[in-house]
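For reference, entry-v1.tsv (TSV, C-alpha atoms and all ligand atoms):
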chain	number	residue	atom	x	y	z
A	13	MET	CA	0.00	0.00	0.00
A	14	ALA	CA	1.28	3.50	-0.82
A	15	PRO	CA	2.13	5.64	2.22
A	16	PRO	CA	-0.62	8.12	3.12
A	17	ASP	CA	-0.11	11.72	1.96
A	18	ASP	CA	1.14	13.87	4.80
A	19	PHE	CA	-0.15	17.15	3.40
A	20	VAL	CA	-3.51	18.84	2.99
A	21	VAL	CA	-4.39	21.49	0.39
A	22	THR	CA	-7.83	23.07	0.16
A	23	PRO	CA	-8.83	26.73	-0.34
A	24	TYR	CA	-9.20	26.94	3.44
A	25	GLU	CA	-6.22	24.92	4.64
A	26	VAL	CA	-2.63	24.32	3.51
A	27	LYS	CA	-0.64	21.98	5.72
A	28	GLY	CA	2.43	19.71	5.56
A	29	ARG	CA	5.21	19.29	2.97
A	30	ILE	CA	3.44	19.51	-0.37
A	31	ASP	CA	4.35	17.05	-3.10
A	32	TYR	CA	3.19	19.12	-6.06
A	33	GLN	CA	3.13	16.37	-8.66
A	34	ARG	CA	1.14	14.16	-6.33
A	35	LEU	CA	-1.23	17.07	-5.62
A	36	ARG	CA	-1.78	17.56	-9.33
A	37	GLU	CA	-2.68	13.89	-9.69
A	38	MET	CA	-5.01	14.05	-6.70
A	39	PHE	CA	-6.77	17.11	-8.15
A	40	GLY	CA	-6.82	15.53	-11.63
A	41	THR	CA	-5.29	18.54	-13.41
A	42	GLN	CA	-2.96	18.42	-16.40
A	43	ASP	CA	0.80	18.88	-16.50
A	44	LEU	CA	1.97	22.22	-17.94
A	45	THR	CA	4.32	20.65	-20.49
A	46	PRO	CA	7.23	22.36	-22.32
A	47	GLU	CA	5.21	21.93	-25.56
A	48	LEU	CA	2.27	23.84	-24.16
A	49	LEU	CA	4.54	26.58	-22.80
A	50	ALA	CA	6.15	26.83	-26.24
A	51	ARG	CA	2.70	27.34	-27.76
A	52	LEU	CA	1.87	30.05	-25.28
A	53	HIS	CA	5.21	31.65	-26.06
A	54	GLN	CA	4.45	31.54	-29.77
A	55	VAL	CA	1.01	33.09	-29.29
A	56	ALA	CA	2.22	35.85	-26.93
A	57	GLY	CA	5.61	36.62	-28.52
A	58	GLY	CA	8.44	38.33	-26.61
A	59	ASP	CA	10.04	36.57	-23.63
A	60	LEU	CA	8.12	34.30	-21.32
A	61	PRO	CA	7.85	35.84	-17.83
A	62	PRO	CA	9.97	34.21	-15.08
A	63	LEU	CA	6.96	32.59	-13.42
A	64	LEU	CA	6.45	30.55	-16.58
A	65	SER	CA	10.05	30.01	-17.66
A	66	ARG	CA	11.14	28.97	-14.15
A	67	GLY	CA	8.39	26.49	-13.40
A	68	VAL	CA	6.33	28.30	-10.73
A	69	TYR	CA	3.27	27.65	-12.88
A	70	TYR	CA	3.19	23.92	-13.37
A	71	SER	CA	-0.35	22.67	-13.93
A	72	HIS	CA	-3.47	23.56	-15.93
A	73	ARG	CA	-6.93	22.65	-17.10
A	74	ASP	CA	-7.77	23.07	-20.80
A	75	LEU	CA	-5.12	25.69	-21.57
A	76	GLY	CA	-4.55	24.04	-24.96
A	77	LEU	CA	-8.23	24.37	-25.80
A	78	LEU	CA	-8.18	28.06	-24.84
A	79	LEU	CA	-5.18	28.68	-27.10
A	80	ASP	CA	-6.89	26.82	-29.96
A	81	GLN	CA	-9.90	29.11	-29.62
A	82	TYR	CA	-7.71	32.19	-29.33
A	83	GLN	CA	-5.87	31.29	-32.51
A	84	LYS	CA	-9.20	30.81	-34.27
A	85	GLY	CA	-10.08	34.40	-33.38
A	86	SER	CA	-11.97	34.04	-30.11
A	87	PRO	CA	-10.27	36.12	-27.41
A	88	PHE	CA	-10.60	35.13	-23.75
A	89	PHE	CA	-10.75	37.21	-20.59
A	90	LEU	CA	-8.64	36.78	-17.46
A	91	TYR	CA	-10.04	36.23	-14.01
A	92	SER	CA	-8.29	36.04	-10.65
A	93	GLY	CA	-8.98	37.21	-7.12
A	94	ARG	CA	-7.90	37.89	-3.60
A	95	GLY	CA	-9.43	37.19	-0.21
A	96	PRO	CA	-8.52	40.32	1.78
A	97	SER	CA	-7.44	38.99	5.18
A	98	GLY	CA	-4.57	41.46	5.66
A	99	PRO	CA	-1.81	43.19	3.69
A	100	LEU	CA	-0.57	41.50	0.52
A	101	HIS	CA	2.76	39.77	0.57
A	102	THR	CA	5.05	39.17	-2.39
A	103	SER	CA	3.76	35.66	-3.09
A	104	HIS	CA	0.22	36.98	-3.53
A	105	LEU	CA	1.49	38.75	-6.64
A	106	VAL	CA	2.13	35.51	-8.51
A	107	SER	CA	-1.30	35.25	-10.16
A	108	PHE	CA	-1.64	38.99	-10.80
A	109	ASP	CA	1.84	39.20	-12.33
A	110	LEU	CA	0.90	36.59	-14.90
A	111	CYS	CA	-2.43	38.34	-15.57
A	112	ARG	CA	-0.71	41.66	-16.05
A	113	TRP	CA	1.70	40.12	-18.55
A	114	LEU	CA	-1.11	38.42	-20.47
A	115	GLN	CA	-3.18	41.60	-20.52
A	116	LYS	CA	-0.24	43.58	-21.81
A	117	THR	CA	0.88	41.13	-24.49
A	118	LEU	CA	-2.57	40.07	-25.72
A	119	GLY	CA	-4.67	43.11	-24.88
A	120	VAL	CA	-7.30	41.02	-23.08
A	121	SER	CA	-9.75	42.10	-20.36
A	122	MET	CA	-9.16	41.33	-16.72
A	123	TYR	CA	-11.72	40.65	-13.99
A	124	ILE	CA	-10.51	40.80	-10.38
A	125	GLN	CA	-12.64	39.53	-7.52
A	126	ILE	CA	-12.06	40.91	-4.00
A	127	THR	CA	-13.83	38.63	-1.53
A	128	ASP	CA	-14.33	40.71	1.61
A	129	ASP	CA	-17.33	38.49	2.41
A	130	GLU	CA	-15.44	35.21	2.08
A	131	LYS	CA	-12.67	36.25	4.46
A	132	PHE	CA	-15.17	37.46	7.02
A	133	TRP	CA	-16.87	34.07	6.89
A	134	ALA	CA	-13.63	32.05	6.82
A	135	ARG	CA	-11.60	33.84	9.49
A	136	SER	CA	-13.36	34.23	12.79
A	137	GLY	CA	-10.74	36.72	14.01
A	138	LEU	CA	-11.53	39.38	11.41
A	139	THR	CA	-14.18	42.10	11.62
A	140	ARG	CA	-16.20	43.35	8.65
A	141	GLU	CA	-14.40	46.68	8.92
A	142	GLN	CA	-11.08	44.87	8.56
A	143	THR	CA	-11.98	42.76	5.52
A	144	ALA	CA	-13.54	45.79	3.78
A	145	TYR	CA	-10.48	47.92	4.60
A	146	TRP	CA	-7.97	45.32	3.41
A	147	GLY	CA	-10.08	44.77	0.31
A	148	MET	CA	-9.43	48.33	-0.90
A	149	GLU	CA	-5.80	48.31	0.24
A	150	ASN	CA	-5.17	45.03	-1.59
A	151	LEU	CA	-6.91	46.34	-4.69
A	152	TYR	CA	-4.55	49.34	-4.85
A	153	ASP	CA	-1.55	47.01	-4.67
A	154	ILE	CA	-2.92	44.73	-7.37
A	155	LEU	CA	-3.81	47.53	-9.78
A	156	ALA	CA	-0.41	49.15	-9.19
A	157	LEU	CA	1.26	46.18	-10.88
A	158	GLY	CA	0.28	47.84	-14.15
A	159	PHE	CA	-3.26	46.89	-15.12
A	160	ASP	CA	-4.95	48.87	-17.87
A	161	PRO	CA	-7.77	50.98	-16.33
A	162	LYS	CA	-9.88	50.62	-19.46
A	163	ARG	CA	-9.73	46.84	-19.59
A	164	THR	CA	-9.82	45.98	-15.89
A	165	HIS	CA	-13.01	45.31	-13.95
A	166	VAL	CA	-13.38	44.57	-10.28
A	167	PHE	CA	-16.00	42.60	-8.40
A	168	PHE	CA	-15.63	43.80	-4.83
A	169	ASP	CA	-18.13	41.36	-3.37
A	170	SER	CA	-19.90	43.55	-0.82
A	171	LYS	CA	-20.04	46.52	-3.21
A	172	SER	CA	-20.74	44.50	-6.38
A	173	ILE	CA	-23.39	42.14	-5.10
A	174	ALA	CA	-26.13	43.67	-7.27
A	175	ALA	CA	-23.99	42.97	-10.34
A	176	LEU	CA	-23.29	39.39	-9.27
A	177	TYR	CA	-26.53	38.29	-7.71
A	178	PRO	CA	-28.78	37.55	-10.71
A	179	LEU	CA	-26.19	35.05	-11.94
A	180	ALA	CA	-25.38	33.78	-8.42
A	181	ILE	CA	-29.04	32.80	-8.05
A	182	ARG	CA	-28.75	30.48	-11.03
A	183	VAL	CA	-25.34	29.11	-10.10
A	184	ALA	CA	-26.32	28.34	-6.50
A	185	ARG	CA	-29.28	26.22	-7.60
A	186	LYS	CA	-26.89	23.87	-9.44
A	187	ILE	CA	-24.62	23.14	-6.46
A	188	PRO	CA	-25.83	20.52	-3.98
A	189	TYR	CA	-24.73	20.79	-0.37
A	190	SER	CA	-23.19	17.31	-0.60
A	191	THR	CA	-20.76	18.62	-3.25
A	192	VAL	CA	-19.36	21.51	-1.21
A	193	LYS	CA	-19.26	19.36	1.89
A	194	ALA	CA	-17.14	16.77	0.09
A	195	VAL	CA	-14.96	19.25	-1.85
A	196	PHE	CA	-14.16	21.65	1.01
A	197	GLY	CA	-14.51	19.32	3.98
A	198	PHE	CA	-17.25	21.40	5.61
A	199	GLU	CA	-18.42	20.44	9.11
A	200	PRO	CA	-21.91	20.80	10.59
A	201	SER	CA	-20.59	23.89	12.41
A	202	THR	CA	-19.39	25.62	9.19
A	203	ASN	CA	-21.32	28.87	8.73
A	204	ILE	CA	-23.72	28.97	5.80
A	205	GLY	CA	-21.92	31.97	4.27
A	206	LEU	CA	-19.09	29.65	3.24
A	207	VAL	CA	-21.55	27.05	2.02
A	208	PHE	CA	-22.94	29.62	-0.44
A	209	TYR	CA	-19.63	31.31	-1.20
A	210	THR	CA	-18.35	29.00	-3.95
A	211	ALA	CA	-21.33	30.18	-6.07
A	212	LEU	CA	-19.97	33.74	-5.84
A	213	GLN	CA	-16.46	32.71	-6.83
A	214	THR	CA	-17.98	30.98	-9.86
A	215	VAL	CA	-20.02	33.96	-11.09
A	216	PRO	CA	-17.13	35.95	-12.66
A	217	CYS	CA	-16.25	32.90	-14.84
A	218	PHE	CA	-19.63	33.25	-16.59
A	219	TRP	CA	-20.30	36.97	-16.16
A	220	PRO	CA	-18.97	38.23	-19.53
A	221	SER	CA	-20.80	35.43	-21.38
A	222	TRP	CA	-24.00	36.38	-19.56
A	223	ALA	CA	-23.50	40.10	-20.27
A	224	GLU	CA	-22.68	39.63	-23.95
A	225	ASP	CA	-25.04	36.75	-24.74
A	226	ARG	CA	-22.28	34.66	-26.30
A	227	ALA	CA	-19.67	32.18	-25.09
A	228	VAL	CA	-16.63	34.16	-23.93
A	229	PRO	CA	-13.72	31.89	-22.90
A	230	CYS	CA	-12.16	32.47	-19.47
A	231	LEU	CA	-8.61	31.85	-18.22
A	232	ILE	CA	-7.95	31.77	-14.48
A	233	PRO	CA	-4.36	32.06	-13.22
A	234	CYS	CA	-4.40	30.98	-9.57
A	235	GLY	CA	-2.63	29.06	-6.84
A	236	ILE	CA	-3.41	25.35	-7.07
A	237	ASP	CA	-5.15	25.62	-3.67
A	238	GLN	CA	-8.04	27.43	-5.43
A	239	ASP	CA	-8.66	24.62	-7.91
A	240	PRO	CA	-11.42	22.92	-5.86
A	241	HIS	CA	-13.73	25.93	-6.34
A	242	PHE	CA	-13.31	25.77	-10.09
A	243	ARG	CA	-13.80	22.02	-10.23
A	244	VAL	CA	-17.31	22.79	-8.97
A	245	THR	CA	-17.61	25.59	-11.57
A	246	ARG	CA	-16.53	23.37	-14.42
A	247	ASP	CA	-18.96	20.64	-13.40
A	248	ILE	CA	-21.98	22.92	-13.65
A	249	ALA	CA	-20.90	25.17	-16.57
A	250	GLU	CA	-22.49	23.21	-19.37
A	251	SER	CA	-25.81	22.78	-17.63
A	252	LEU	CA	-26.04	26.58	-17.44
A	253	GLY	CA	-24.98	26.99	-21.08
A	254	TYR	CA	-21.59	28.60	-20.35
A	255	PRO	CA	-18.07	27.49	-21.36
A	256	LYS	CA	-15.94	25.76	-18.73
A	257	PRO	CA	-13.17	28.10	-17.57
A	258	SER	CA	-9.56	27.13	-18.30
A	259	LEU	CA	-7.03	27.35	-15.48
A	260	ILE	CA	-3.29	27.71	-15.04
A	261	HIS	CA	-2.04	26.80	-11.57
A	262	SER	CA	1.00	27.93	-9.63
A	263	GLN	CA	2.77	26.31	-6.73
A	264	MET	CA	2.70	28.12	-3.41
A	265	LEU	CA	5.97	29.96	-2.70
A	266	PRO	CA	7.99	28.90	0.32
A	267	GLY	CA	7.85	31.16	3.36
A	268	LEU	CA	10.91	32.99	4.68
A	269	LEU	CA	10.97	30.77	7.74
A	270	GLY	CA	11.38	27.68	5.57
A	271	GLU	CA	7.73	26.64	5.59
A	272	ASN	CA	6.29	25.41	2.36
A	273	ALA	CA	3.87	28.28	1.83
A	274	MET	CA	4.33	31.99	2.50
A	275	SER	CA	1.32	31.89	4.76
A	276	THR	CA	1.10	34.15	7.78
A	277	THR	CA	-1.96	32.69	9.42
A	278	GLY	CA	-1.40	32.94	13.16
A	279	ASP	CA	1.52	35.01	14.36
A	280	ARG	CA	4.17	34.16	11.78
A	281	GLU	CA	4.62	37.70	10.48
A	282	ASP	CA	8.26	37.05	9.64
A	283	ASN	CA	7.33	34.27	7.24
A	284	ALA	CA	6.47	36.77	4.47
A	285	LEU	CA	7.42	40.13	2.99
A	286	PHE	CA	4.37	42.36	3.19
A	287	LEU	CA	4.06	45.13	0.66
A	288	ASN	CA	3.51	47.59	3.52
A	289	ASP	CA	6.66	46.53	5.44
A	290	SER	CA	9.17	49.32	6.05
A	291	ALA	CA	12.63	49.05	4.50
A	292	ALA	CA	14.06	48.19	7.92
A	293	THR	CA	11.53	45.39	8.41
A	294	VAL	CA	12.26	43.98	4.95
A	295	ASP	CA	15.98	44.00	5.81
A	296	ARG	CA	15.42	42.24	9.10
A	297	LYS	CA	13.15	39.56	7.59
A	298	VAL	CA	15.46	38.76	4.68
A	299	ARG	CA	18.56	38.77	6.90
A	300	GLY	CA	16.81	36.28	9.20
A	301	ALA	CA	15.37	34.13	6.40
A	302	PHE	CA	15.88	30.39	6.18
A	303	THR	CA	18.41	29.42	3.48
A	304	GLY	CA	19.91	26.28	2.01
A	305	GLY	CA	23.35	27.24	3.38
A	306	ARG	CA	25.76	25.22	5.50
A	307	ALA	CA	26.63	25.56	9.16
A	308	THR	CA	29.98	27.27	8.56
A	309	VAL	CA	31.54	29.38	5.81
A	310	GLU	CA	34.32	26.85	5.39
A	311	GLU	CA	31.82	24.03	4.82
A	312	GLN	CA	29.78	26.11	2.39
A	313	ARG	CA	32.83	27.05	0.30
A	314	ARG	CA	33.78	23.38	0.18
A	315	LEU	CA	30.36	21.70	-0.31
A	316	GLY	CA	28.16	24.44	-1.75
A	317	ALA	CA	24.57	25.21	-0.68
A	318	THR	CA	21.14	23.86	-1.71
A	319	PRO	CA	19.06	26.43	-3.64
A	320	GLU	CA	15.93	24.27	-3.93
A	321	ILE	CA	15.19	24.48	-0.21
A	322	CYS	CA	16.18	28.15	0.19
A	323	SER	CA	13.57	30.86	0.70
A	324	VAL	CA	15.92	33.55	-0.65
A	325	TRP	CA	16.51	31.59	-3.85
A	326	ALA	CA	12.71	31.47	-4.22
A	327	LEU	CA	12.71	35.30	-4.21
A	328	TRP	CA	15.27	35.40	-7.02
A	329	ARG	CA	13.30	32.78	-8.90
A	330	THR	CA	9.90	34.39	-8.85
A	331	ARG	CA	10.59	38.04	-9.30
A	332	PHE	CA	13.94	39.50	-8.47
A	333	ALA	CA	16.39	37.95	-10.96
A	334	LYS	CA	16.26	40.31	-13.94
A	335	ASP	CA	16.52	37.57	-16.55
A	336	ASP	CA	16.98	33.81	-16.89
A	337	GLN	CA	20.72	34.27	-17.32
A	338	GLU	CA	21.13	36.05	-14.00
A	339	PHE	CA	18.89	33.49	-12.35
A	340	ALA	CA	21.07	30.67	-13.73
A	341	SER	CA	24.24	32.32	-12.44
A	342	VAL	CA	22.82	32.90	-8.92
A	343	THR	CA	21.77	29.24	-8.84
A	344	ARG	CA	25.15	27.99	-10.08
A	345	ASP	CA	27.19	30.15	-7.68
A	346	CYS	CA	24.99	29.09	-4.76
A	347	ARG	CA	25.40	25.42	-5.54
A	348	SER	CA	29.16	25.68	-6.04
A	349	GLY	CA	29.79	27.57	-2.80
A	350	ALA	CA	31.07	30.68	-4.62
A	351	LEU	CA	28.13	32.78	-3.39
A	352	LEU	CA	27.63	32.88	0.38
A	353	CYS	CA	24.25	33.53	1.96
A	354	GLY	CA	25.10	36.93	3.46
A	355	GLU	CA	26.21	38.34	0.11
A	356	CYS	CA	23.27	36.76	-1.70
A	357	LYS	CA	20.85	38.34	0.77
A	358	GLY	CA	22.48	41.75	0.35
A	359	ARG	CA	22.12	41.51	-3.42
A	360	VAL	CA	18.49	40.44	-3.38
A	361	LEU	CA	17.70	43.17	-0.85
A	362	GLU	CA	18.85	45.85	-3.29
A	363	ARG	CA	16.34	44.51	-5.82
A	364	ILE	CA	13.56	44.27	-3.27
A	365	HIS	CA	14.06	47.85	-2.11
A	366	ALA	CA	14.02	49.08	-5.71
A	367	PHE	CA	10.78	47.19	-6.38
A	368	TYR	CA	9.13	48.58	-3.22
A	369	ALA	CA	10.06	52.14	-4.24
A	370	THR	CA	8.59	51.83	-7.76
A	371	HIS	CA	5.54	50.06	-6.41
A	372	ALA	CA	4.86	52.77	-3.80
A	373	GLU	CA	4.77	55.43	-6.53
A	374	ALA	CA	2.49	53.43	-8.80
A	375	ARG	CA	0.20	52.69	-5.86
A	376	ILE	CA	-0.41	56.38	-5.19
A	377	LYS	CA	-1.40	56.95	-8.81
A	378	VAL	CA	-3.94	54.11	-9.03
A	379	GLN	CA	-5.94	55.52	-6.13
A	380	ASP	CA	-7.35	58.12	-8.53
A	381	TRP	CA	-9.11	55.50	-10.62
A	382	ALA	CA	-9.34	52.29	-8.53
A	383	GLU	CA	-12.92	52.98	-7.39
A	384	SER	CA	-14.06	53.46	-10.99
A	385	THR	CA	-13.12	49.86	-11.89
A	386	ILE	CA	-15.62	48.40	-9.41
A	387	VAL	CA	-18.63	46.92	-11.19
A	388	THR	CA	-21.86	47.77	-9.38
A	389	GLU	CA	-24.62	47.07	-11.87
A	390	ALA	CA	-25.86	43.88	-13.48
A	391	PRO	CA	-25.91	43.98	-17.30
A	392	LYS	CA	-29.55	42.85	-17.18
A	393	PRO	CA	-32.14	42.19	-14.50
A	394	ILE	CA	-32.51	38.42	-14.97
B	401	LIG	N1	-10.83	32.61	-2.71
B	401	LIG	C1	-9.68	33.41	-3.06
B	401	LIG	C2	-8.84	33.68	-1.79
B	401	LIG	O1	-9.12	33.23	-0.74
B	401	LIG	C3	-10.08	34.71	-3.69
B	401	LIG	C4	-10.57	34.55	-5.10
B	401	LIG	C5	-11.81	34.90	-5.60
B	401	LIG	C6	-9.85	33.99	-6.20
B	401	LIG	N2	-11.90	34.63	-6.91
B	401	LIG	C7	-10.72	34.07	-7.32
B	401	LIG	C8	-8.55	33.49	-6.35
B	401	LIG	C9	-10.31	33.63	-8.58
B	401	LIG	C10	-8.16	33.04	-7.60
B	401	LIG	C11	-9.03	33.09	-8.70
B	401	LIG	O2	-7.84	34.35	-1.85

Show me this structure written as structure tokens.
Amino acid sequence: MAPPDDFVVTPYEVKGRIDYQRLREMFGTQDLTPELLARLHQVAGGDLPPLLSRGVYYSHRDLGLLLDQYQKGSPFFLYSGRGPSGPLHTSHLVSFDLCRWLQKTLGVSMYIQITDDEKFWARSGLTREQTAYWGMENLYDILALGFDPKRTHVFFDSKSIAALYPLAIRVARKIPYSTVKAVFGFEPSTNIGLVFYTALQTVPCFWPSWAEDRAVPCLIPCGIDQDPHFRVTRDIAESLGYPKPSLIHSQMLPGLLGENAMSTTGDREDNALFLNDSAATVDRKVRGAFTGGRATVEEQRRLGATPEICSVWALWRTRFAKDDQEFASVTRDCRSGALLCGECKGRVLERIHAFYATHAEARIKVQDWAESTIVTEAPKPI
């Protein structure tokens, strides 16, 4: 008998050392193969962004089908979201970075869902004021990555409910309680907000098709932990007359304390770099971060370090190496022992500080138009 899996991944819980290939098999998603990446590259042109070229995105559902349709002249829209439980940290940018790149290279529309209701239901420690507040703060950070104000639309659940509800009514009727109970592991004590919630996360997948009275394909870049919601979506799509959304899934990034996800649930503030951390805090967190280094300098020079387990290497990998060449040289010098952890941290810190400075400026500018992207009206009454 195979050993039991010692990890758990659902939208509401991530626990244990994740075996990502095994998780993909458990979820029944497809492997993001080099051939498929090459096709995406061919369609988009230019260079593939680091998150694709360095394997952070590794799984999908029906991406090939979406590209077929695109090449036949049927453009898709992008959809991703954020549950506003606190400030964003750098690993929350993974899905929005890919969306921004796709919007820029292909000129497609983007729909962002901010689920201030979901986080209130899912996290008993948060007040409504807090989830609403973080919802707007998170939205500024997301838009500041460079989304096009004319092609970006936001469903901020508590403010957009009138726009979502006519479709949510239909979606909810298709989802039996037994399905959400099995998919999310709900208990008798789970509040009924969460029981309904997956209907709301489904609505944006169908919303443009509903509004335009034609099948508009949807691509969702997201962490693989969100896949269970969209398995439900895909199961009911056809019965409502809408196309099944395609997905592209990323791995979760390792936390700075060496945990397998940059989660900060509880009091592990130092596990992540928050976008509202001061420069001094960023310095302290990176200087204290878990690495793949050896116990002594002498040993490290002699034996080299292990990038794959290092949280600082993960920062280079996902965002801060300027190109694949620099990323390859950081990796090589780490493994050979030529690059020691202190120097490596100093170098990545320069990049992080530069990114925070640019981001802070962009964030101020988006506040002029962020509110105007929030969709408040349904395209039709029924
Ligand atoms: N449930 C997600 C979270 O907890 C938020 C979300 C809503 C989302 N819609 C989405 C994430 C679409 C990815 C794709 O963060």

Taking 2 positions as the minimum chain separation for residues in the same chain, which residues sit within 9 Å of range 329-336 of chain A when counting all atoms listed in the file? Answer as a PDB file with C-alpha atoms, in the frame of the given file.
ATOM      1  CA  PRO A  61       7.850  35.840 -17.830  1.00  0.00           C
ATOM      2  CA  PRO A  62       9.970  34.210 -15.080  1.00  0.00           C
ATOM      3  CA  LEU A  63       6.960  32.590 -13.420  1.00  0.00           C
ATOM      4  CA  SER A  65      10.050  30.010 -17.660  1.00  0.00           C
ATOM      5  CA  ARG A  66      11.140  28.970 -14.150  1.00  0.00           C
ATOM      6  CA  VAL A  68       6.330  28.300 -10.730  1.00  0.00           C
ATOM      7  CA  THR A 102       5.050  39.170  -2.390  1.00  0.00           C
ATOM      8  CA  SER A 103       3.760  35.660  -3.090  1.00  0.00           C
ATOM      9  CA  VAL A 106       2.130  35.510  -8.510  1.00  0.00           C
ATOM     10  CA  LEU A 265       5.970  29.960  -2.700  1.00  0.00           C
ATOM     11  CA  VAL A 324      15.920  33.550  -0.650  1.00  0.00           C
ATOM     12  CA  TRP A 325      16.510  31.590  -3.850  1.00  0.00           C
ATOM     13  CA  ALA A 326      12.710  31.470  -4.220  1.00  0.00           C
ATOM     14  CA  LEU A 327      12.710  35.300  -4.210  1.00  0.00           C
ATOM     15  CA  GLU A 338      21.130  36.050 -14.000  1.00  0.00           C
ATOM     16  CA  PHE A 339      18.890  33.490 -12.350  1.00  0.00           C
ATOM     17  CA  ALA A 340      21.070  30.670 -13.730  1.00  0.00           C
ATOM     18  CA  SER A 341      24.240  32.320 -12.440  1.00  0.00           C
ATOM     19  CA  VAL A 342      22.820  32.900  -8.920  1.00  0.00           C
ATOM     20  CA  VAL A 360      18.490  40.440  -3.380  1.00  0.00           C
ATOM     21  CA  ARG A 363      16.340  44.510  -5.820  1.00  0.00           C
ATOM     22  CA  ILE A 364      13.560  44.270  -3.270  1.00  0.00           C
ATOM     23  CA  PHE A 367      10.780  47.190  -6.380  1.00  0.00           C
TER      24      PHE A 367
END

### Query
Counting all atoms listed in the file, what is within 10 Å of His104 in chain A, bar same-chain residues fewer than 3 positions away, as a PyMOL selection string?
chain A and resi 93-94+99-101+107-109+150+154+234-235+264-265+274-275+286-287

### Message
Would you pick out the contacts of range 307-313 of chain A at 10 Å or less, using all atoms listed in the file, so that residues sharing its chain but fewer than 3 positions from it are not included, and give the list as a VMD selection string?
### Response
chain A and resid 304 316 to 318 346 to 353

### Query
Between A:Trp133, A:Tyr24, A:Tyr32, A:Tyr69, which has the minimum distance to ligand LIG 401 (chain B) (counting only C-alpha atoms and all ligand atoms)?
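Going through A:Trp133, A:Tyr24, A:Tyr32, A:Tyr69 one by one, the smallest distance to ligand LIG 401 (chain B) is for A:Tyr24.
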
Please find the residues contacting ligand LIG 401 (chain B) at a distance of at most 9 Å between atoms, with all atoms listed in the file counted, and report them as a short mmCIF file (atom, residue, chain, number, x, y, z; two decimals) with C-alpha atoms, keeping the file's coordinate frame.
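And here is the file that came out, part.cif:
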data_model
loop_
_atom_site.label_atom_id
_atom_site.label_comp_id
_atom_site.auth_asym_id
_atom_site.auth_seq_id
_atom_site.Cartn_x
_atom_site.Cartn_y
_atom_site.Cartn_z
CA PRO A 23 -8.83 26.73 -0.34
CA TYR A 24 -9.20 26.94 3.44
CA TYR A 91 -10.04 36.23 -14.01
CA SER A 92 -8.29 36.04 -10.65
CA GLY A 93 -8.98 37.21 -7.12
CA ARG A 94 -7.90 37.89 -3.60
CA GLY A 95 -9.43 37.19 -0.21
CA PRO A 96 -8.52 40.32 1.78
CA SER A 97 -7.44 38.99 5.18
CA HIS A 104 0.22 36.98 -3.53
CA SER A 107 -1.30 35.25 -10.16
CA TYR A 123 -11.72 40.65 -13.99
CA ILE A 124 -10.51 40.80 -10.38
CA GLN A 125 -12.64 39.53 -7.52
CA ILE A 126 -12.06 40.91 -4.00
CA THR A 127 -13.83 38.63 -1.53
CA GLU A 130 -15.44 35.21 2.08
CA LYS A 131 -12.67 36.25 4.46
CA ALA A 134 -13.63 32.05 6.82
CA THR A 210 -18.35 29.00 -3.95
CA LEU A 212 -19.97 33.74 -5.84
CA GLN A 213 -16.46 32.71 -6.83
CA THR A 214 -17.98 30.98 -9.86
CA PRO A 216 -17.13 35.95 -12.66
CA CYS A 217 -16.25 32.90 -14.84
CA ILE A 232 -7.95 31.77 -14.48
CA PRO A 233 -4.36 32.06 -13.22
CA CYS A 234 -4.40 30.98 -9.57
CA GLY A 235 -2.63 29.06 -6.84
CA ASP A 237 -5.15 25.62 -3.67
CA GLN A 238 -8.04 27.43 -5.43
CA ASP A 239 -8.66 24.62 -7.91
CA HIS A 241 -13.73 25.93 -6.34
CA PHE A 242 -13.31 25.77 -10.09
#

### Query
Do you know which residues are at most 8 Å from range 186-194 of chain A counting all atoms listed in the file, after dropping those on the same chain fewer than 5 positions away, and could you put them as a ChimeraX atom specification?
/A:199,207,211,244,248

### Message
Measuring between all atoms listed in the file, which one of A:Thr388, A:Arg296, A:Ala180, A:Arg314 shows the shortest distance to Leu252 in chain A?
### Response
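For Leu252 in chain A, the nearest of the candidates is A:Ala180.
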
Write out as an mmCIF file with C-alpha atoms, in the frame of the given file the residues lying within 12 Å of Tyr82 in chain A, counting only C-alpha atoms and excluding same-chain residues fewer than 3 positions away.
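Printed below is part_36.cif as written:
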data_model
loop_
_atom_site.group_PDB
_atom_site.id
_atom_site.type_symbol
_atom_site.label_atom_id
_atom_site.label_comp_id
_atom_site.auth_asym_id
_atom_site.auth_seq_id
_atom_site.Cartn_x
_atom_site.Cartn_y
_atom_site.Cartn_z
ATOM 1 C CA ARG A 51 2.700 27.340 -27.760
ATOM 2 C CA LEU A 52 1.870 30.050 -25.280
ATOM 3 C CA VAL A 55 1.010 33.090 -29.290
ATOM 4 C CA ALA A 56 2.220 35.850 -26.930
ATOM 5 C CA LEU A 75 -5.120 25.690 -21.570
ATOM 6 C CA GLY A 76 -4.550 24.040 -24.960
ATOM 7 C CA LEU A 77 -8.230 24.370 -25.800
ATOM 8 C CA LEU A 78 -8.180 28.060 -24.840
ATOM 9 C CA LEU A 79 -5.180 28.680 -27.100
ATOM 10 C CA GLY A 85 -10.080 34.400 -33.380
ATOM 11 C CA SER A 86 -11.970 34.040 -30.110
ATOM 12 C CA PRO A 87 -10.270 36.120 -27.410
ATOM 13 C CA PHE A 88 -10.600 35.130 -23.750
ATOM 14 C CA PHE A 89 -10.750 37.210 -20.590
ATOM 15 C CA LEU A 118 -2.570 40.070 -25.720
ATOM 16 C CA VAL A 120 -7.300 41.020 -23.080
ATOM 17 C CA VAL A 228 -16.630 34.160 -23.930
ATOM 18 C CA PRO A 229 -13.720 31.890 -22.900
ATOM 19 C CA CYS A 230 -12.160 32.470 -19.470
ATOM 20 C CA LEU A 231 -8.610 31.850 -18.220
#
